[in-house]
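Below is run_3.pdb, holding PDB, C-alpha atoms.
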```pdb
ATOM      1  CA  MET A  25     104.356 136.322 128.501
ATOM      2  CA  GLY A  26     105.694 132.763 128.303
ATOM      3  CA  LEU A  27     106.751 130.864 125.219
ATOM      4  CA  THR A  28     104.141 128.782 123.430
ATOM      5  CA  ASP A  29     104.589 125.050 122.779
ATOM      6  CA  ALA A  30     105.059 125.859 119.078
ATOM      7  CA  GLU A  31     107.855 128.317 119.842
ATOM      8  CA  ARG A  32     109.542 125.882 122.229
ATOM      9  CA  ALA A  33     109.352 123.120 119.629
ATOM     10  CA  VAL A  34     111.312 125.218 117.124
ATOM     11  CA  LEU A  35     113.871 126.267 119.742
ATOM     12  CA  LEU A  36     114.403 122.654 120.865
ATOM     13  CA  LEU A  37     115.083 121.614 117.278
ATOM     14  CA  LEU A  38     117.639 124.398 116.906
ATOM     15  CA  ALA A  39     119.238 123.289 120.172
ATOM     16  CA  ASP A  40     119.496 119.796 118.695
ATOM     17  CA  GLY A  41     121.501 121.155 115.746
ATOM     18  CA  HIS A  42     118.765 121.831 113.189
ATOM     19  CA  THR A  43     118.839 124.711 110.764
ATOM     20  CA  ILE A  44     115.729 126.806 110.151
ATOM     21  CA  LYS A  45     115.158 124.831 106.948
ATOM     22  CA  SER A  46     115.473 121.384 108.546
ATOM     23  CA  ALA A  47     113.365 122.502 111.537
ATOM     24  CA  ALA A  48     110.619 123.530 109.133
ATOM     25  CA  GLN A  49     110.801 120.131 107.435
ATOM     26  CA  ALA A  50     110.738 118.270 110.765
ATOM     27  CA  LEU A  51     107.655 120.175 111.933
ATOM     28  CA  GLY A  52     105.913 120.170 108.552
ATOM     29  CA  ILE A  53     105.621 123.965 108.425
ATOM     30  CA  SER A  54     107.027 126.698 106.208
ATOM     31  CA  HIS A  55     110.420 128.368 106.521
ATOM     32  CA  GLY A  56     108.599 131.637 107.198
ATOM     33  CA  ALA A  57     106.539 130.117 110.021
ATOM     34  CA  VAL A  58     109.712 128.959 111.764
ATOM     35  CA  THR A  59     111.278 132.418 111.396
ATOM     36  CA  GLU A  60     108.124 134.034 112.780
ATOM     37  CA  ARG A  61     108.070 131.739 115.823
ATOM     38  CA  LEU A  62     111.714 132.553 116.529
ATOM     39  CA  ARG A  63     111.036 136.277 116.191
ATOM     40  CA  HIS A  64     108.180 136.089 118.708
ATOM     41  CA  ALA A  65     110.331 134.028 121.097
ATOM     42  CA  ARG A  66     113.167 136.558 120.970
ATOM     43  CA  ARG A  67     110.738 139.418 121.579
ATOM     44  CA  LYS A  68     109.163 137.704 124.583
ATOM     45  CA  THR A  69     112.477 136.769 126.205
ATOM     46  CA  GLY A  70     114.649 139.688 125.115
ATOM     47  CA  ALA A  71     117.198 137.249 123.684
ATOM     48  CA  GLY A  72     119.769 138.679 121.311
ATOM     49  CA  SER A  73     119.851 135.651 119.019
ATOM     50  CA  SER A  74     117.736 132.594 118.290
ATOM     51  CA  ARG A  75     120.696 130.239 118.696
ATOM     52  CA  ALA A  76     121.542 131.576 122.148
ATOM     53  CA  LEU A  77     117.917 131.255 123.228
ATOM     54  CA  ALA A  78     117.754 127.728 121.752
ATOM     55  CA  ARG A  79     120.803 126.653 123.763
ATOM     56  CA  GLN A  80     119.188 128.039 126.918
ATOM     57  CA  ILE A  81     115.865 126.301 126.282
ATOM     58  CA  GLY A  82     117.604 123.068 125.258
ATOM     59  CA  ALA A  83     119.707 123.005 128.420
ATOM     60  CA  ALA A  84     116.656 123.619 130.592
ATOM     61  CA  ALA A  85     114.677 120.886 128.806
ATOM     62  CA  SER A  86     117.522 118.379 129.158
ATOM     63  CA  HIS A  87     117.752 119.132 132.864
ATOM     64  CA  LYS A  88     114.040 118.509 133.317
ATOM     65  CA  ILE A  89     113.861 115.441 131.098
ATOM     66  CA  GLY A  90     116.713 113.495 132.635
ATOM     67  CA  ASP A  91     120.439 113.082 132.922
ATOM     68  CA  THR A  92     123.061 110.842 131.337
ATOM     69  CA  LYS A  93     121.865 107.943 133.480
ATOM     70  CA  ASN A  94     118.308 108.207 132.192
ATOM     71  CA  GLY A  95     117.782 105.812 129.340
ATOM     72  CA  LEU A  96     114.220 106.906 128.673
ATOM     73  CA  ALA A  97     113.534 110.592 128.272
ATOM     74  CA  VAL A  98     109.977 111.341 129.394
ATOM     75  CA  PRO A  99     108.297 114.510 128.099
ATOM     76  CA  PRO A 100     106.943 117.026 130.613
ATOM     77  CA  GLY A 101     103.423 116.084 131.714
ATOM     78  CA  ALA A 102     103.679 112.494 130.512
ATOM     79  CA  PRO A 103     103.020 109.629 132.935
ATOM     80  CA  SER A 104     106.101 108.391 134.750
ATOM     81  CA  ALA A 105     107.899 105.458 133.174
ATOM     82  CA  GLY A 106     109.427 104.383 136.458
ATOM     83  CA  GLU A 107     112.421 106.592 135.613
ATOM     84  CA  ALA A 108     113.650 103.742 133.368
ATOM     85  CA  ARG A 109     117.185 104.233 134.580
ATOM     86  CA  THR A 110     120.182 102.580 133.015
ATOM     87  CA  ASP A 111     122.756 100.811 135.111
ATOM     88  CA  ARG A 112     125.743 102.711 133.740
ATOM     89  CA  PRO A 113     126.527 106.173 132.306
ATOM     90  CA  SER A 114     127.120 104.470 128.972
ATOM     91  CA  SER A 115     127.519 107.697 126.979
ATOM     92  CA  LEU A 116     130.892 108.355 128.639
ATOM     93  CA  ILE A 117     131.993 104.753 128.167
ATOM     94  CA  GLY A 118     130.920 104.878 124.533
ATOM     95  CA  ARG A 119     132.894 108.063 123.851
ATOM     96  CA  ILE A 120     136.028 106.624 125.474
ATOM     97  CA  SER A 121     135.678 103.424 123.441
ATOM     98  CA  TRP A 122     135.306 105.432 120.248
ATOM     99  CA  MET A 123     138.435 107.490 120.987
ATOM    100  CA  LEU A 124     140.488 104.393 121.828
ATOM    101  CA  LEU A 125     139.341 102.375 118.817
ATOM    102  CA  PRO A 126     142.127 103.570 116.460
ATOM    103  CA  LEU A 127     144.724 102.653 119.088
ATOM    104  CA  VAL A 128     143.214  99.207 119.496
ATOM    105  CA  PHE A 129     143.507  98.505 115.780
ATOM    106  CA  ALA A 130     146.994 100.001 115.668
ATOM    107  CA  PHE A 131     148.152  97.360 118.133
ATOM    108  CA  GLY A 132     146.455  94.580 116.201
ATOM    109  CA  VAL A 133     143.727  93.781 118.718
ATOM    110  CA  ILE A 134     140.571  93.248 116.673
ATOM    111  CA  ASP A 135     137.054  92.802 118.034
ATOM    112  CA  ALA A 136     136.081  89.145 117.448
ATOM    113  CA  ASP A 137     132.475  90.094 116.777
ATOM    114  CA  ARG A 138     133.533  92.332 113.883
ATOM    115  CA  VAL A 139     135.810  89.662 112.452
ATOM    116  CA  MET A 140     132.978  87.120 112.466
ATOM    117  CA  THR A 141     130.264  89.402 111.103
ATOM    118  CA  GLY A 142     132.181  91.874 108.956
ATOM    119  CA  ARG A 143     130.456  94.802 110.676
ATOM    120  CA  SER A 144     132.276  98.070 111.156
ATOM    121  CA  GLY A 145     131.361 101.516 112.416
ATOM    122  CA  PRO A 146     128.758 102.368 115.052
ATOM    123  CA  PRO A 147     125.589 100.302 115.541
ATOM    124  CA  HIS A 148     122.674 101.469 113.415
ATOM    125  CA  LEU A 149     118.959 100.759 113.004
ATOM    126  CA  VAL A 150     117.928  98.093 110.520
ATOM    127  CA  ALA A 151     114.200  98.120 111.340
ATOM    128  CA  GLN A 152     111.610 100.157 113.206
ATOM    129  CA  SER A 153     107.905  99.945 113.983
ATOM    130  CA  PRO A 154     105.821 101.897 113.150
ATOM    131  CA  ALA A 155     107.588 102.266 109.815
ATOM    132  CA  ASP A 156     109.201 105.598 109.010
ATOM    133  CA  GLY A 157     106.616 108.053 107.696
ATOM    134  CA  SER A 158     103.727 105.630 108.163
ATOM    135  CA  VAL A 159     100.163 106.663 109.065
ATOM    136  CA  ILE A 160      98.584 104.289 111.576
ATOM    137  CA  ALA A 161      95.487 104.004 113.754
ATOM    138  CA  ALA A 162      95.410 105.805 117.085
ATOM    139  CA  GLY A 163      95.412 103.812 120.315
ATOM    140  CA  PRO A 164      97.852 101.456 122.011
ATOM    141  CA  VAL A 165     100.948 100.653 119.965
ATOM    142  CA  THR A 166     104.322  99.065 120.564
ATOM    143  CA  VAL A 167     107.153 101.234 119.290
ATOM    144  CA  SER A 168     110.174  99.082 118.497
ATOM    145  CA  VAL A 169     113.659  99.452 117.061
ATOM    146  CA  THR A 170     116.105  96.790 115.880
ATOM    147  CA  PHE A 171     119.849  97.295 115.523
ATOM    148  CA  ASP A 172     122.357  95.528 113.311
ATOM    149  CA  ARG A 173     124.053  93.879 116.308
ATOM    150  CA  PRO A 174     123.468  92.977 119.982
ATOM    151  CA  MET A 175     123.241  96.019 122.235
ATOM    152  CA  ARG A 176     124.140  96.517 125.891
ATOM    153  CA  ARG A 177     121.517  95.309 128.344
ATOM    154  CA  ASN A 178     119.365  97.853 130.200
ATOM    155  CA  SER A 179     120.861 100.763 128.289
ATOM    156  CA  TYR A 180     118.728 102.834 125.924
ATOM    157  CA  SER A 181     117.863 106.386 124.897
ATOM    158  CA  PHE A 182     114.395 107.060 123.497
ATOM    159  CA  VAL A 183     114.677 110.847 123.491
ATOM    160  CA  VAL A 184     112.260 113.776 123.485
ATOM    161  CA  ILE A 185     113.173 116.096 120.607
ATOM    162  CA  ASP A 186     109.881 117.989 120.492
ATOM    163  CA  PRO A 187     107.745 117.617 123.640
ATOM    164  CA  ALA A 188     104.595 118.239 121.611
ATOM    165  CA  ALA A 189     105.424 115.327 119.288
ATOM    166  CA  TYR A 190     106.498 112.701 121.827
ATOM    167  CA  PRO A 191     103.929 109.932 122.530
ATOM    168  CA  ARG A 192     102.675 108.978 125.979
ATOM    169  CA  CYS A 193     104.659 105.861 126.876
ATOM    170  CA  THR A 194     104.712 103.771 130.045
ATOM    171  CA  GLY A 195     107.037 101.206 131.543
ATOM    172  CA  ALA A 196     110.662 100.467 130.736
ATOM    173  CA  PRO A 197     111.593  99.316 127.220
ATOM    174  CA  ARG A 198     111.824  95.541 126.761
ATOM    175  CA  GLN A 199     114.934  94.095 125.134
ATOM    176  CA  SER A 200     114.834  90.973 122.976
ATOM    177  CA  THR A 201     116.693  87.790 123.868
ATOM    178  CA  ASP A 202     119.265  88.371 121.119
ATOM    179  CA  GLY A 203     119.856  91.903 122.422
ATOM    180  CA  ARG A 204     119.160  93.616 119.099
ATOM    181  CA  SER A 205     115.594  94.900 119.579
ATOM    182  CA  PHE A 206     113.873  97.212 122.070
ATOM    183  CA  ALA A 207     110.091  97.628 122.472
ATOM    184  CA  LEU A 208     108.214 100.444 124.204
ATOM    185  CA  ASP A 209     104.466 100.529 124.944
ATOM    186  CA  CYS A 210     102.813 103.830 123.991
ATOM    187  CA  LEU A 211      99.355 105.335 123.561
ATOM    188  CA  LEU A 212      98.795 107.410 120.417
ATOM    189  CA  GLU A 213      96.178 110.103 119.941
ATOM    190  CA  PRO A 214      94.303 110.598 116.636
ATOM    191  CA  HIS A 215      95.453 113.102 114.015
ATOM    192  CA  ARG A 216      98.893 113.590 115.518
ATOM    193  CA  ARG A 217     102.430 113.568 114.179
ATOM    194  CA  TYR A 218     105.009 111.830 116.374
ATOM    195  CA  LEU A 219     108.775 112.096 116.629
ATOM    196  CA  ILE A 220     111.105 110.015 118.841
ATOM    197  CA  GLY A 221     114.853 110.459 118.945
ATOM    198  CA  ILE A 222     117.270 107.546 119.129
ATOM    199  CA  ASN A 223     120.566 108.575 120.777
ATOM    200  CA  ALA A 224     119.797 112.275 120.279
ATOM    201  CA  GLY A 225     121.812 115.116 121.775
ATOM    202  CA  ARG A 226     123.583 114.124 124.967
ATOM    203  CA  PHE A 227     121.424 111.030 125.472
ATOM    204  CA  THR A 228     123.511 108.228 123.914
ATOM    205  CA  ASN A 229     122.736 105.120 125.941
ATOM    206  CA  PHE A 230     122.038 102.821 122.981
ATOM    207  CA  VAL A 231     125.500 101.254 122.730
ATOM    208  CA  GLY A 232     126.967  98.077 121.263
ATOM    209  CA  ALA A 233     127.321  95.150 123.644
ATOM    210  CA  SER A 234     130.820  94.201 122.526
ATOM    211  CA  ASP A 235     132.590  97.559 122.350
ATOM    212  CA  GLY A 236     130.344 100.147 124.035
ATOM    213  CA  MET A 237     130.183 102.249 120.866
ATOM    214  CA  PRO A 238     127.119 104.552 120.802
ATOM    215  CA  ALA A 239     124.596 103.819 118.063
ATOM    216  CA  ARG A 240     124.220 106.207 115.164
ATOM    217  CA  PRO A 241     121.516 108.825 115.980
ATOM    218  CA  ALA A 242     118.154 108.309 114.286
ATOM    219  CA  ARG A 243     114.607 109.663 114.355
ATOM    220  CA  LEU A 244     111.363 107.716 114.350
ATOM    221  CA  LYS A 245     108.635 109.653 112.528
ATOM    222  CA  PHE A 246     105.050 108.526 112.078
ATOM    223  CA  SER A 247     101.517 109.901 112.404
ATOM    224  CA  THR A 248      97.998 108.789 113.210
ATOM    225  CA  ARG A 249      94.725 108.889 111.313
TER     226      ARG A 249
END
```

As structure tokens, please, write out the structure in this file.
Amino acid sequence: MGLTDAERAVLLLLADGHTIKSAAQALGISHGAVTERLRHARRKTGAGSSRALARQIGAAASHKIGDTKNGLAVPPGAPSAGEARTDRPSSLIGRISWMLLPLVFAFGVIDADRVMTGRSGPPHLVAQSPADGSVIAAGPVTVSVTFDRPMRRNSYSFVVIDPAAYPRCTGAPRQSTDGRSFALDCLLEPHRRYLIGINAGRFTNFVGASDGMPARPARLKFSTR
């Protein structure tokens, strides 16, 4: 007997670092319901622990969804988004930049963009649409995110955290002229809760244009009437 979508959703959240409590909050269900789904999943698969099974399911899902060169993670069964590939494996570049940053400052070489703007730390979201926690009408919608600084061109990671909660989106994300905003065309169904990861797990292709630093992970949560 295979795992249900509900059981996979819980396991994918655990693979992404959630606890049972935070997984319950993310899915809008009780702590007991999460525990019950994990129990059924272990029984079906013969797994010795929920965490081990979650890592296995998470690895399999990541392999199916894309690789480090995929900027747009498309959920299984969703229409193709033209692969929406990035031009560079920016996650590796971002990690190297982050590790070298203390050495750069130690030698007195300071990023001009940070001097001019006073920004420090990784890029982060300053706006999103639909708004976090909002309830909107079903149908076509443009999902957009805006960062606090210009981001690298053609590099993005809209990530599937829960396949059952990821909207059907088509086409590659569009980036604004100033480089700070990305827009993605999606189709929402009525009476659904949606969840989209930004730089989640090993998908970290949203990176700053000036230093290649990966953006701080975030989650877009909204639902439909």

Selected by the PyMOL selection byres ((chain A and resi 228) around 7) in the shown coordinates: which residues, as a PyMOL selection string? chain A and resi 115+181+223-224+226-227+229-230+238

Contacts of Lys245 (chain A) at 12 Å or less, counting only C-alpha atoms, minus same-chain residues fewer than 2 places along, as an MDAnalysis selection string? chainID A and resid 49:52 152:160 167 185:186 189:191 216:222 242:243 247:248

Can you give me, as a CSV table (one decimal) with C-alpha atoms, in the coordinates of the input, the residues this file yields under the PyMOL selection byres ((chain A and resi 27-42) around 9)?
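The new file expr08.csv reads:
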```
chain,number,residue,atom,x,y,z
A,25,MET,CA,104.4,136.3,128.5
A,26,GLY,CA,105.7,132.8,128.3
A,43,THR,CA,118.8,124.7,110.8
A,44,ILE,CA,115.7,126.8,110.2
A,45,LYS,CA,115.2,124.8,106.9
A,46,SER,CA,115.5,121.4,108.5
A,47,ALA,CA,113.4,122.5,111.5
A,48,ALA,CA,110.6,123.5,109.1
A,50,ALA,CA,110.7,118.3,110.8
A,51,LEU,CA,107.7,120.2,111.9
A,58,VAL,CA,109.7,129.0,111.8
A,61,ARG,CA,108.1,131.7,115.8
A,62,LEU,CA,111.7,132.6,116.5
A,64,HIS,CA,108.2,136.1,118.7
A,65,ALA,CA,110.3,134.0,121.1
A,68,LYS,CA,109.2,137.7,124.6
A,69,THR,CA,112.5,136.8,126.2
A,74,SER,CA,117.7,132.6,118.3
A,75,ARG,CA,120.7,130.2,118.7
A,76,ALA,CA,121.5,131.6,122.1
A,77,LEU,CA,117.9,131.3,123.2
A,78,ALA,CA,117.8,127.7,121.8
A,79,ARG,CA,120.8,126.7,123.8
A,80,GLN,CA,119.2,128.0,126.9
A,81,ILE,CA,115.9,126.3,126.3
A,82,GLY,CA,117.6,123.1,125.3
A,83,ALA,CA,119.7,123.0,128.4
A,85,ALA,CA,114.7,120.9,128.8
A,185,ILE,CA,113.2,116.1,120.6
A,186,ASP,CA,109.9,118.0,120.5
A,187,PRO,CA,107.7,117.6,123.6
A,188,ALA,CA,104.6,118.2,121.6
A,189,ALA,CA,105.4,115.3,119.3
A,224,ALA,CA,119.8,112.3,120.3
A,225,GLY,CA,121.8,115.1,121.8
```

Just need the box for region 30-45 of chain A, edges along x, y and z, holding every atom the file lists for it with 8 Å tacked onto each side, so centre and edge lengths in Å to one decimal, as lines of an AutoDock Vina configuration file.
```
center_x = 113.3
center_y = 124.1
center_z = 114.6
size_x = 32.4
size_y = 24.5
size_z = 31.3
```

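In this structure, CA of Arg204 (chain A) sits 10.3 Å away from CA of His148 (chain A).
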
Could you tell me which residues the PyMOL selection byres ((chain A and resi 232) around 8) returns for this structure, as a list in words?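 Those residues are Pro146, Pro147, Arg173, Pro174, Met175, Arg176, Phe230, Val231, Ala233, Ser234, Asp235, Gly236, Met237, Pro238 and Ala239 of chain A.
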
Output the selection as a PDB file, in the coordinates of the input - C-alpha atoms for each residue.
```pdb
ATOM      1  CA  PRO A 146     128.758 102.368 115.052  1.00  0.00           C
ATOM      2  CA  PRO A 147     125.589 100.302 115.541  1.00  0.00           C
ATOM      3  CA  ARG A 173     124.053  93.879 116.308  1.00  0.00           C
ATOM      4  CA  PRO A 174     123.468  92.977 119.982  1.00  0.00           C
ATOM      5  CA  MET A 175     123.241  96.019 122.235  1.00  0.00           C
ATOM      6  CA  ARG A 176     124.140  96.517 125.891  1.00  0.00           C
ATOM      7  CA  PHE A 230     122.038 102.821 122.981  1.00  0.00           C
ATOM      8  CA  VAL A 231     125.500 101.254 122.730  1.00  0.00           C
ATOM      9  CA  ALA A 233     127.321  95.150 123.644  1.00  0.00           C
ATOM     10  CA  SER A 234     130.820  94.201 122.526  1.00  0.00           C
ATOM     11  CA  ASP A 235     132.590  97.559 122.350  1.00  0.00           C
ATOM     12  CA  GLY A 236     130.344 100.147 124.035  1.00  0.00           C
ATOM     13  CA  MET A 237     130.183 102.249 120.866  1.00  0.00           C
ATOM     14  CA  PRO A 238     127.119 104.552 120.802  1.00  0.00           C
ATOM     15  CA  ALA A 239     124.596 103.819 118.063  1.00  0.00           C
TER      16      ALA A 239
END
```

Distance of CA of Arg240 (chain A) from CA of Glu213 (chain A), expressed in Å to one decimal place: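 Answer for the CA of Glu213 (chain A) to CA of Arg240 (chain A) separation: 28.7 Å.
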
Which distance in Å separates CA of Phe246 (chain A) and CA of Gly203 (chain A), to one decimal?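 According to the coordinates, CA of Phe246 (chain A) and CA of Gly203 (chain A) are separated by 24.5 Å.
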
Using all atoms listed in the file, which protein or nucleic acid residues come within 10 Å of Val150 (chain A)? Drop anything in the same chain fewer than 4 positions from it, and give the result as a list in words.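 Those residues are Val169, Thr170, Phe171, Asp172, Arg173, Arg204 and Ser205 of chain A.
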
Between A:Ala57, A:Cys193, A:Leu244, A:Ala207, which has the minimum distance to Gly163 (chain A) (counting only C-alpha atoms)? A:Cys193

My list of candidates is A:Phe182, A:Ile53, A:Arg67, A:Pro197. Which is closest to Asp209 (chain A) when distances are computed with only C-alpha atoms?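 Of the candidates, the smallest distance to Asp209 (chain A) is held by A:Pro197.
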
Near Pro164 (chain A), within 8 Å and counting only C-alpha atoms, which residues show up once chain neighbours fewer than 6 positions away are dropped, as a ChimeraX atom specification? /A:209-212
